[in-house]
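File shown: input.txt (compact mmCIF, C-alpha atoms).
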```txt
# COMPACT_ATOMS: atom_id res chain seq x y z
CA MET A 1 125.50 38.70 81.03
CA HIS A 2 124.23 42.23 80.48
CA VAL A 3 122.98 44.33 83.42
CA PRO A 4 121.38 47.42 81.84
CA TYR A 5 121.06 50.81 83.46
CA ASN A 6 118.35 52.03 81.09
CA TYR A 7 115.05 50.29 81.82
CA LEU A 8 112.77 52.36 79.57
CA PRO A 9 112.59 49.82 76.70
CA MET A 10 111.34 47.24 79.21
CA GLN A 11 108.97 49.59 80.98
CA PHE A 12 107.25 50.63 77.77
CA ALA A 13 107.42 47.32 75.92
CA ASP A 14 103.67 47.05 76.42
CA TYR A 15 102.07 50.48 76.17
CA SER A 16 98.56 49.30 75.34
CA GLU A 17 97.03 50.85 78.49
CA ILE A 18 98.64 54.19 77.70
CA ALA A 19 97.50 53.98 74.09
CA ALA A 20 93.93 53.32 75.23
CA GLY A 21 94.07 56.44 77.38
CA TRP A 22 95.49 58.45 74.50
CA ASP A 23 92.66 57.20 72.30
CA GLN A 24 90.13 58.61 74.76
CA LEU A 25 92.06 61.88 75.01
CA ILE A 26 92.34 62.33 71.26
CA LYS A 27 88.63 61.72 70.80
CA SER A 28 87.90 64.29 73.52
CA SER A 29 90.18 66.92 71.89
CA GLU A 30 91.17 68.18 75.38
CA PHE A 31 94.68 68.94 74.20
CA THR A 32 95.36 71.87 76.56
CA LEU A 33 94.57 71.57 80.28
CA GLY A 34 91.24 69.72 80.61
CA SER A 35 89.90 66.74 82.51
CA PHE A 36 92.77 64.30 81.87
CA MET A 37 95.29 66.64 83.47
CA GLU A 38 92.91 67.52 86.31
CA THR A 39 92.39 63.81 86.99
CA PHE A 40 96.13 63.27 87.33
CA GLU A 41 96.48 66.32 89.59
CA ARG A 42 93.82 64.93 91.95
CA GLU A 43 95.40 61.47 91.91
CA PHE A 44 98.88 62.75 92.67
CA ALA A 45 97.75 65.11 95.42
CA GLU A 46 95.95 62.21 97.09
CA TYR A 47 98.97 59.93 96.66
CA VAL A 48 101.38 62.28 98.45
CA GLY A 49 98.85 63.49 101.01
CA ALA A 50 98.57 67.09 99.78
CA LYS A 51 95.46 69.19 99.20
CA HIS A 52 96.42 70.50 95.75
CA CYS A 53 98.65 69.60 92.80
CA VAL A 54 99.63 71.85 89.90
CA ALA A 55 101.05 69.89 86.96
CA THR A 56 103.85 71.55 84.99
CA ASN A 57 105.81 70.99 81.81
CA ASN A 58 108.87 69.64 83.66
CA GLY A 59 110.59 69.49 87.03
CA THR A 60 112.58 72.68 86.43
CA ASP A 61 109.35 74.58 85.80
CA ALA A 62 107.99 73.06 89.01
CA LEU A 63 110.95 74.47 90.96
CA ILE A 64 110.70 77.92 89.35
CA LEU A 65 106.94 78.06 89.87
CA SER A 66 107.42 77.09 93.52
CA LEU A 67 110.05 79.77 94.07
CA LYS A 68 107.87 82.43 92.47
CA ALA A 69 104.85 81.35 94.50
CA LEU A 70 106.90 81.80 97.68
CA GLY A 71 107.99 85.28 96.57
CA ILE A 72 111.67 84.40 96.25
CA GLY A 73 113.58 86.83 94.05
CA ARG A 74 116.39 89.34 93.73
CA GLY A 75 118.32 89.94 96.95
CA ASP A 76 117.19 86.68 98.55
CA GLU A 77 119.57 83.88 99.44
CA VAL A 78 118.58 80.24 99.09
CA ILE A 79 120.61 77.51 100.80
CA THR A 80 120.84 74.24 98.90
CA PRO A 81 123.29 71.28 98.74
CA CYS A 82 126.13 71.38 96.24
CA ASN A 83 125.68 67.84 94.86
CA SER A 84 122.29 68.12 93.17
CA PHE A 85 121.44 68.13 89.46
CA TYR A 86 121.90 71.52 87.78
CA ALA A 87 118.17 72.32 87.68
CA THR A 88 117.93 72.94 91.44
CA THR A 89 120.38 75.81 91.46
CA GLY A 90 119.42 76.90 87.96
CA ALA A 91 115.87 77.53 89.15
CA VAL A 92 117.14 79.73 91.99
CA VAL A 93 119.18 81.79 89.53
CA ALA A 94 116.23 81.96 87.12
CA VAL A 95 114.12 83.90 89.66
CA GLY A 96 116.97 86.30 90.41
CA ALA A 97 117.87 84.89 93.84
CA THR A 98 121.36 83.92 95.03
CA PRO A 99 122.19 80.25 95.63
CA VAL A 100 124.28 79.49 98.70
CA PHE A 101 125.70 75.98 98.75
CA CYS A 102 126.07 73.72 101.76
CA ASP A 103 128.05 70.49 102.12
CA VAL A 104 126.55 67.01 102.44
CA ASP A 105 126.70 64.08 104.86
CA ASP A 106 127.55 60.39 104.58
CA ARG A 107 124.13 59.68 103.04
CA TYR A 108 124.83 62.22 100.24
CA GLN A 109 122.14 64.48 101.73
CA ALA A 110 122.29 68.13 102.85
CA ASP A 111 124.38 68.56 106.01
CA VAL A 112 121.97 70.37 108.31
CA VAL A 113 124.75 71.67 110.58
CA ASP A 114 126.54 73.21 107.61
CA MET A 115 123.22 74.50 106.27
CA ALA A 116 122.62 76.31 109.58
CA ALA A 117 126.11 77.83 109.50
CA ARG A 118 125.38 79.50 106.15
CA ILE A 119 122.24 81.35 107.23
CA THR A 120 122.51 85.15 106.97
CA LYS A 121 120.09 88.07 107.21
CA ARG A 122 119.44 87.64 103.48
CA THR A 123 118.49 83.96 103.74
CA LYS A 124 114.84 83.45 102.85
CA LEU A 125 114.59 79.78 101.91
CA LEU A 126 116.03 76.34 102.61
CA LEU A 127 115.99 74.16 99.48
CA PRO A 128 116.88 70.59 100.52
CA VAL A 129 117.13 67.92 97.84
CA HIS A 130 115.96 64.34 98.27
CA TRP A 131 119.08 63.26 96.45
CA ALA A 132 119.12 59.86 94.74
CA GLY A 133 115.68 59.11 96.18
CA ALA A 134 116.86 59.23 99.79
CA SER A 135 115.84 62.06 102.09
CA PRO A 136 117.77 64.56 104.19
CA ASP A 137 116.84 64.88 107.84
CA MET A 138 113.56 66.70 107.30
CA ASP A 139 112.87 66.82 111.04
CA ALA A 140 116.06 68.79 111.61
CA ILE A 141 115.54 70.97 108.53
CA THR A 142 111.99 71.81 109.62
CA ALA A 143 113.24 72.73 113.10
CA LEU A 144 115.97 74.90 111.56
CA ALA A 145 113.49 76.71 109.31
CA ASN A 146 111.15 77.34 112.24
CA GLU A 147 114.01 78.67 114.39
CA TYR A 148 115.00 81.29 111.80
CA GLY A 149 111.58 81.98 110.27
CA LEU A 150 112.52 80.55 106.87
CA GLU A 151 110.45 78.88 104.18
CA ILE A 152 111.17 75.34 102.95
CA LEU A 153 110.98 74.22 99.34
CA GLU A 154 111.87 70.57 98.77
CA ASP A 155 113.35 69.34 95.52
CA ALA A 156 111.60 65.97 95.73
CA CYS A 157 112.11 65.18 92.05
CA MET A 158 113.76 61.82 92.79
CA ALA A 159 111.61 60.94 95.79
CA ILE A 160 108.14 60.21 94.43
CA GLY A 161 106.93 57.23 96.43
CA GLY A 162 109.39 57.70 99.29
CA ARG A 163 108.71 58.59 102.91
CA TRP A 164 110.29 60.52 105.74
CA GLY A 165 108.59 59.17 108.81
CA ASP A 166 104.87 59.20 108.09
CA ARG A 167 105.04 61.95 105.45
CA HIS A 168 105.76 61.98 101.74
CA PRO A 169 108.74 64.03 100.51
CA GLY A 170 107.64 67.39 99.19
CA THR A 171 105.01 67.99 101.87
CA PHE A 172 107.09 69.59 104.65
CA GLY A 173 107.00 73.16 103.32
CA LYS A 174 104.25 75.29 101.82
CA VAL A 175 105.11 73.88 98.40
CA GLY A 176 107.07 70.90 97.08
CA ALA A 177 108.44 70.26 93.59
CA PHE A 178 108.60 67.01 91.62
CA SER A 179 109.82 65.75 88.23
CA MET A 180 108.57 63.03 85.89
CA HIS A 181 111.66 62.90 83.68
CA PRO A 182 111.95 59.42 82.11
CA LEU A 183 114.46 58.25 84.73
CA LYS A 184 112.44 59.39 87.75
CA THR A 185 110.34 56.91 89.75
CA LEU A 186 107.10 58.28 88.33
CA ASN A 187 107.97 58.92 84.72
CA VAL A 188 106.33 59.96 81.50
CA ILE A 189 107.33 59.73 77.84
CA GLY A 190 109.31 62.96 77.82
CA ASP A 191 109.20 65.62 80.53
CA GLY A 192 106.70 66.47 83.22
CA GLY A 193 106.56 67.95 86.69
CA MET A 194 104.23 69.10 89.44
CA VAL A 195 103.99 71.25 92.54
CA VAL A 196 101.95 70.31 95.61
CA THR A 197 100.60 72.58 98.32
CA ASP A 198 97.95 72.76 101.03
CA ASP A 199 97.65 76.52 100.63
CA ASP A 200 94.50 77.52 98.71
CA ASP A 201 95.82 80.97 97.77
CA LEU A 202 99.15 79.68 96.49
CA HIS A 203 97.32 77.00 94.53
CA ALA A 204 95.05 79.54 92.87
CA TRP A 205 98.01 81.78 92.00
CA MET A 206 100.05 78.94 90.52
CA LEU A 207 97.14 77.75 88.37
CA LYS A 208 96.95 81.21 86.85
CA TYR A 209 100.70 81.80 86.49
CA ARG A 210 101.32 78.48 84.72
CA ASN A 211 98.62 79.50 82.18
CA HIS A 212 99.72 83.06 81.25
CA GLY A 213 97.99 84.65 84.25
CA MET A 214 94.61 83.96 82.67
CA VAL A 215 91.39 84.27 84.65
CA ASP A 216 89.33 83.24 81.65
CA ARG A 217 89.59 83.25 77.85
CA ASP A 218 89.49 87.06 77.62
CA HIS A 219 91.15 88.30 80.82
CA ILE A 220 94.54 88.01 82.53
CA GLU A 221 95.08 89.04 86.14
CA PHE A 222 98.89 89.33 85.84
CA TRP A 223 101.65 88.40 83.41
CA GLY A 224 102.32 84.67 83.52
CA VAL A 225 103.89 82.02 81.32
CA ASN A 226 103.09 78.63 79.84
CA TYR A 227 104.19 75.94 82.32
CA ARG A 228 101.32 73.56 81.48
CA LEU A 229 101.77 69.81 81.46
CA GLN A 230 100.67 68.25 78.18
CA PRO A 231 97.51 66.12 78.65
CA LEU A 232 99.17 63.32 76.65
CA GLN A 233 101.74 63.11 79.43
CA ALA A 234 99.05 63.31 82.11
CA VAL A 235 97.59 60.09 80.71
CA VAL A 236 101.01 58.42 80.98
CA ALA A 237 101.49 59.75 84.52
CA SER A 238 98.12 58.44 85.72
CA THR A 239 98.90 55.03 84.21
CA MET A 240 102.37 54.85 85.78
CA LEU A 241 101.08 55.99 89.18
CA ARG A 242 98.88 52.89 89.45
CA THR A 243 101.90 50.56 89.58
CA LEU A 244 104.40 52.82 91.33
CA ASP A 245 104.31 51.23 94.79
CA GLU A 246 104.70 47.75 93.33
CA ARG A 247 107.71 48.84 91.29
CA LEU A 248 109.31 50.59 94.26
CA GLU A 249 108.91 47.46 96.36
CA ARG A 250 111.12 45.59 93.88
CA ARG A 251 113.69 48.40 93.90
CA ARG A 252 113.91 48.28 97.67
CA GLU A 253 114.29 44.52 97.54
CA ILE A 254 117.29 44.92 95.22
CA GLN A 255 118.67 47.72 97.41
CA GLY A 256 118.55 45.45 100.43
CA GLN A 257 120.27 42.62 98.57
CA LEU A 258 123.04 44.92 97.38
CA ASP A 259 123.47 46.50 100.82
CA ASP A 260 123.85 43.11 102.48
CA SER A 261 126.20 41.71 99.86
CA LEU A 262 128.46 44.75 99.59
CA ALA A 263 128.73 45.60 103.29
CA ASP A 264 131.77 43.33 103.74
CA LEU A 265 133.73 45.12 101.01
CA ALA A 266 134.51 48.17 103.18
CA PRO A 267 136.68 50.21 103.12
CA ASN A 268 137.39 49.61 99.42
CA LEU A 269 133.69 50.06 98.70
CA LEU A 270 131.28 51.89 100.99
CA VAL A 271 127.49 51.63 101.01
CA PRO A 272 125.79 54.76 102.41
CA ARG A 273 124.17 54.66 105.82
CA ARG A 274 120.41 54.04 105.66
CA ASP A 275 118.01 55.89 107.95
CA PRO A 276 115.10 53.78 109.27
CA ARG A 277 112.81 56.81 108.98
CA ASN A 278 113.39 56.89 105.23
CA PRO A 279 112.15 54.15 102.87
CA GLU A 280 114.02 55.27 99.74
CA THR A 281 112.91 55.24 96.11
CA VAL A 282 116.33 54.00 94.91
CA SER A 283 116.35 56.47 92.04
CA LEU A 284 120.12 56.15 92.15
CA TYR A 285 121.91 53.31 93.96
CA MET A 286 125.27 54.92 94.72
CA VAL A 287 128.36 53.64 96.47
CA LEU A 288 131.84 55.05 97.12
CA ALA A 289 134.66 53.10 95.48
CA GLU A 290 138.42 53.52 95.75
CA GLN A 291 140.07 53.83 92.35
CA ARG A 292 136.66 54.70 90.99
CA ASP A 293 137.58 54.97 87.32
CA LYS A 294 139.27 51.56 87.24
CA PHE A 295 136.36 50.07 89.15
CA LEU A 296 133.93 51.59 86.66
CA ASP A 297 135.90 50.20 83.71
CA HIS A 298 135.85 46.76 85.32
CA LEU A 299 132.08 46.83 85.77
CA VAL A 300 131.41 47.98 82.22
CA ALA A 301 133.74 45.29 80.88
CA SER A 302 131.76 42.76 82.94
CA GLY A 303 128.50 43.85 81.33
CA VAL A 304 127.31 46.04 84.22
CA GLU A 305 126.20 49.49 82.99
CA ALA A 306 127.42 51.56 85.93
CA LYS A 307 127.41 55.37 85.81
CA VAL A 308 128.77 58.39 87.70
CA HIS A 309 126.36 61.00 89.19
CA TYR A 310 128.19 63.48 89.19
CA PRO A 311 131.97 63.98 88.96
CA ILE A 312 131.93 67.78 89.50
CA PRO A 313 129.91 69.32 92.37
CA LEU A 314 127.87 72.41 91.53
CA HIS A 315 130.08 74.85 93.44
CA LEU A 316 133.04 73.88 91.22
CA GLN A 317 131.18 74.30 87.93
CA GLN A 318 132.09 77.25 85.71
CA ALA A 319 128.55 78.58 86.08
CA ALA A 320 129.13 78.98 89.84
CA ALA A 321 132.44 80.83 89.57
CA SER A 322 130.96 84.17 90.67
CA LEU A 323 129.43 82.72 93.85
CA GLY A 324 132.72 82.67 95.76
CA PHE A 325 133.17 78.95 96.37
CA GLY A 326 136.31 77.07 95.41
CA PRO A 327 138.13 73.77 95.88
CA GLY A 328 138.06 72.67 99.50
CA SER A 329 134.98 74.68 100.44
CA MET A 330 132.74 71.57 100.40
CA PRO A 331 135.17 68.83 101.48
CA VAL A 332 132.70 65.97 101.93
CA ALA A 333 130.92 66.48 98.61
CA GLU A 334 134.23 66.93 96.80
CA ALA A 335 135.65 63.70 98.23
CA GLN A 336 132.46 61.82 97.35
CA ALA A 337 132.48 63.16 93.80
CA ASN A 338 135.83 61.46 93.23
CA GLU A 339 134.52 58.06 94.33
CA LEU A 340 130.79 57.87 93.53
CA VAL A 341 129.54 55.05 91.31
CA THR A 342 125.88 54.44 90.44
CA LEU A 343 124.87 50.81 90.00
CA PRO A 344 121.77 49.56 88.14
CA ALA A 345 119.05 48.83 90.70
CA HIS A 346 115.75 49.14 88.89
CA GLU A 347 112.69 46.91 89.03
CA TYR A 348 113.32 45.25 85.67
CA LEU A 349 116.48 43.46 86.80
CA SER A 350 116.19 39.72 87.35
CA ASP A 351 117.66 37.94 90.35
CA SER A 352 120.33 36.44 88.09
CA GLN A 353 121.34 39.88 86.84
CA VAL A 354 121.63 41.18 90.40
CA ASP A 355 123.73 38.14 91.35
CA TRP A 356 125.94 38.71 88.29
CA MET A 357 126.51 42.32 89.29
CA ILE A 358 127.41 41.37 92.85
CA SER A 359 129.83 38.74 91.55
CA ALA A 360 131.48 41.29 89.26
CA ILE A 361 131.92 43.69 92.15
CA GLU A 362 133.40 40.98 94.39
CA GLN A 363 135.84 40.02 91.63
CA TRP A 364 137.15 43.56 91.63
CA ARG A 365 138.06 43.25 95.29
```

Now that the file is in, can you turn its structure into structure tokens?
Amino acid sequence: MHVPYNYLPMQFADYSEIAAGWDQLIKSSEFTLGSFMETFEREFAEYVGAKHCVATNNGTDALILSLKALGIGRGDEVITPCNSFYATTGAVVAVGATPVFCDVDDRYQADVVDMAARITKRTKLLLPVHWAGASPDMDAITALANEYGLEILEDACMAIGGRWGDRHPGTFGKVGAFSMHPLKTLNVIGDGGMVVTDDDDLHAWMLKYRNHGMVDRDHIEFWGVNYRLQPLQAVVASTMLRTLDERLERRREIQGQLDDSLADLAPNLLVPRRDPRNPETVSLYMVLAEQRDKFLDHLVASGVEAKVHYPIPLHLQQAAASLGFGPGSMPVAEAQANELVTLPAHEYLSDSQVDWMISAIEQWR
């Protein structure tokens, strides 16, 4: 039996609803900005419980736009976990600020104690990541930011549809950044992103900056860039948003089944601790496995398309060499990177495929 990791062919097997929306868009000729994108921005803001949404070309643009809106730049330090995707730290570097890495906990989330230990007089921002679709302790991070007078920017790219307590990820700071890359929970056919905020002034500034700083057709207030989401993708995003909660319900069902079935395999295989405050999006279902590479080979040979996210933490990448971190500086993240395996856990898996995957894992034991 085959247990695929890539679900996109199944998700877009029937794209008739999207095509109907594209037909309306094409007839309208609103190919830049316009009502289709504004409709999605209103829908997404309402979904996450924010006042405003600014749609962007991708999640990296959303992070950069957020940093610029908060005034983060040269001389500022930004504390962020070392196990995220490259875009998180890349955005910090792109605005001229200095990334400062912190270690992670047993849920693969930012270690708030270690985050606090790395605060200096130059620290301006905490940039937690909702890694794998789970959330760090946002209560503790908010308290830490308040104690030191710091801003919070959440990389909530993997957490669309999640919760921390009664709030949606991305709504704890003045701004929050999201991605609609094809393998995110809310995905489009290509790239897309958005920033949410309750701040009217920041919203107005971001709308201008993402469109060259334009006030109208003939005037610019300041120098901006083109971060606009394509309206074709806004149509896809609005369509996908309608079924998101239903699809996440199935992911969480599979997560629960895997958690229960794999719990007895410790210590050879460890399922991360779940926090009851945090219904996850299951963007990545990750476990720690001894002899990871052999385990991975066994799964692939059994028809289970398992992956590794990611074998080298950010602080050990060549790009981070000048930041002063080295082997041993982030012991938890480094140990996890040697054992992490990502299992398929998307909504298009059948019960028989999930059972097959569990059987293959138990055979390895």

- Item | For atom CA of A:Gly176 and atom CA of A:Ile18, the interatomic separation in Å (one decimal) | 26.9 Å

- Query: So which residues touch A:Gly34 within 8 Å, counting only C-alpha atoms, skipping near sequence neighbours fewer than 4 positions away, as a ChimeraX atom specification?
  - Reply: /A:30,38,231

- Task: Between A:Leu150, A:Leu202, A:Cys82, A:Leu244, single out the one closest to A:Gln317, counting all atoms listed in the file.
- Result: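 Comparing A:Leu150, A:Leu202, A:Cys82, A:Leu244 against A:Gln317, the winner is A:Cys82.
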
- Message: Could you list, as a list in words, every residue within 6 Å of A:Ala97, counting only C-alpha atoms and ignoring same-chain residues fewer than 4 positions away?
- Response: Gly73, Arg74, Gly75, Asp76, Glu77, Val92 and Val93 of chain A

- Message: Measuring between all atoms listed in the file, which one of A:Val354, A:Val300, A:Leu349, A:Leu63 shows the shortest distance to A:Met206?
- Response: A:Leu63

- Message: Could you list, as a list in words, every residue within 8 Å of A:Asp114, counting all atoms listed in the file and ignoring same-chain residues fewer than 3 positions away?
- Response: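 In the requested form, the answer reads Cys102, Asp103, Asp111, Ala117 and Arg118 of chain A.
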
- Residue nearest A:Leu65 among A:Val175, A:Val188, A:Met240, A:Ile358 (counting only C-alpha atoms):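 The shortest atom-to-atom distance to A:Leu65 comes from A:Val175.
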
- So how far away is atom CA of A:Ile79 from atom CA of A:Lys124, in Å? 8.5 Å

- Message: Given all atoms listed in the file as the basis, pick out the residue of A:Leu288, A:Gln255, A:Cys157, A:His130 nearest to A:Leu183.
- Response: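 Closest residue, counting all atoms listed in the file: A:Cys157.
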
- Query: Which residue gives the smallest distance to A:Ser238 among A:Gly326, A:Ala140, A:Leu186, A:Thr56, with all atoms listed in the file counted?
  - Reply: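 Using all atoms listed in the file, A:Ser238 sits closest to A:Leu186.
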
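Proximity of A:Ala159, A:Ala50, A:Val112, A:Ile64 to A:Asn278, computed with only C-alpha atoms, is greatest for A:Ala159.
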
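We find atom CA of A:Thr142 and atom CA of A:Phe172 to be spaced 7.3 Å apart.
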
- Might you pull out every residue within 12 Å of A:Ala69, with all atoms listed in the file counted and same-chain residues fewer than 4 positions away left off, and present them as a PyMOL selection string? chain A and resi 54+61-65+73+95+151+153+174-177+195-197+199-210+224

- Query: Near A:Glu290, within 10 Å and counting all atoms listed in the file, which residues show up once chain neighbours fewer than 5 positions away are dropped, as a list in words?
  - Reply: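 With the cut-off at 10 Å, the set is Ala266, Pro267, Asn268, Leu269, Leu270, Phe295, Asn338, Glu339 and Leu340 of chain A.
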
- Anything within 9 Å of (126.7, 79.7, 93.6): list those residues as a list in words, counting only C-alpha atoms and sticking to the file's coordinates.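 The residues near that point, listed by chain and number, are Cys82, Thr89, Val93, Thr98, Pro99, Val100, Phe101, Leu314, His315, Leu316, Ala319, Ala320, Ala321, Ser322, Leu323, Gly324 and Phe325 of chain A.
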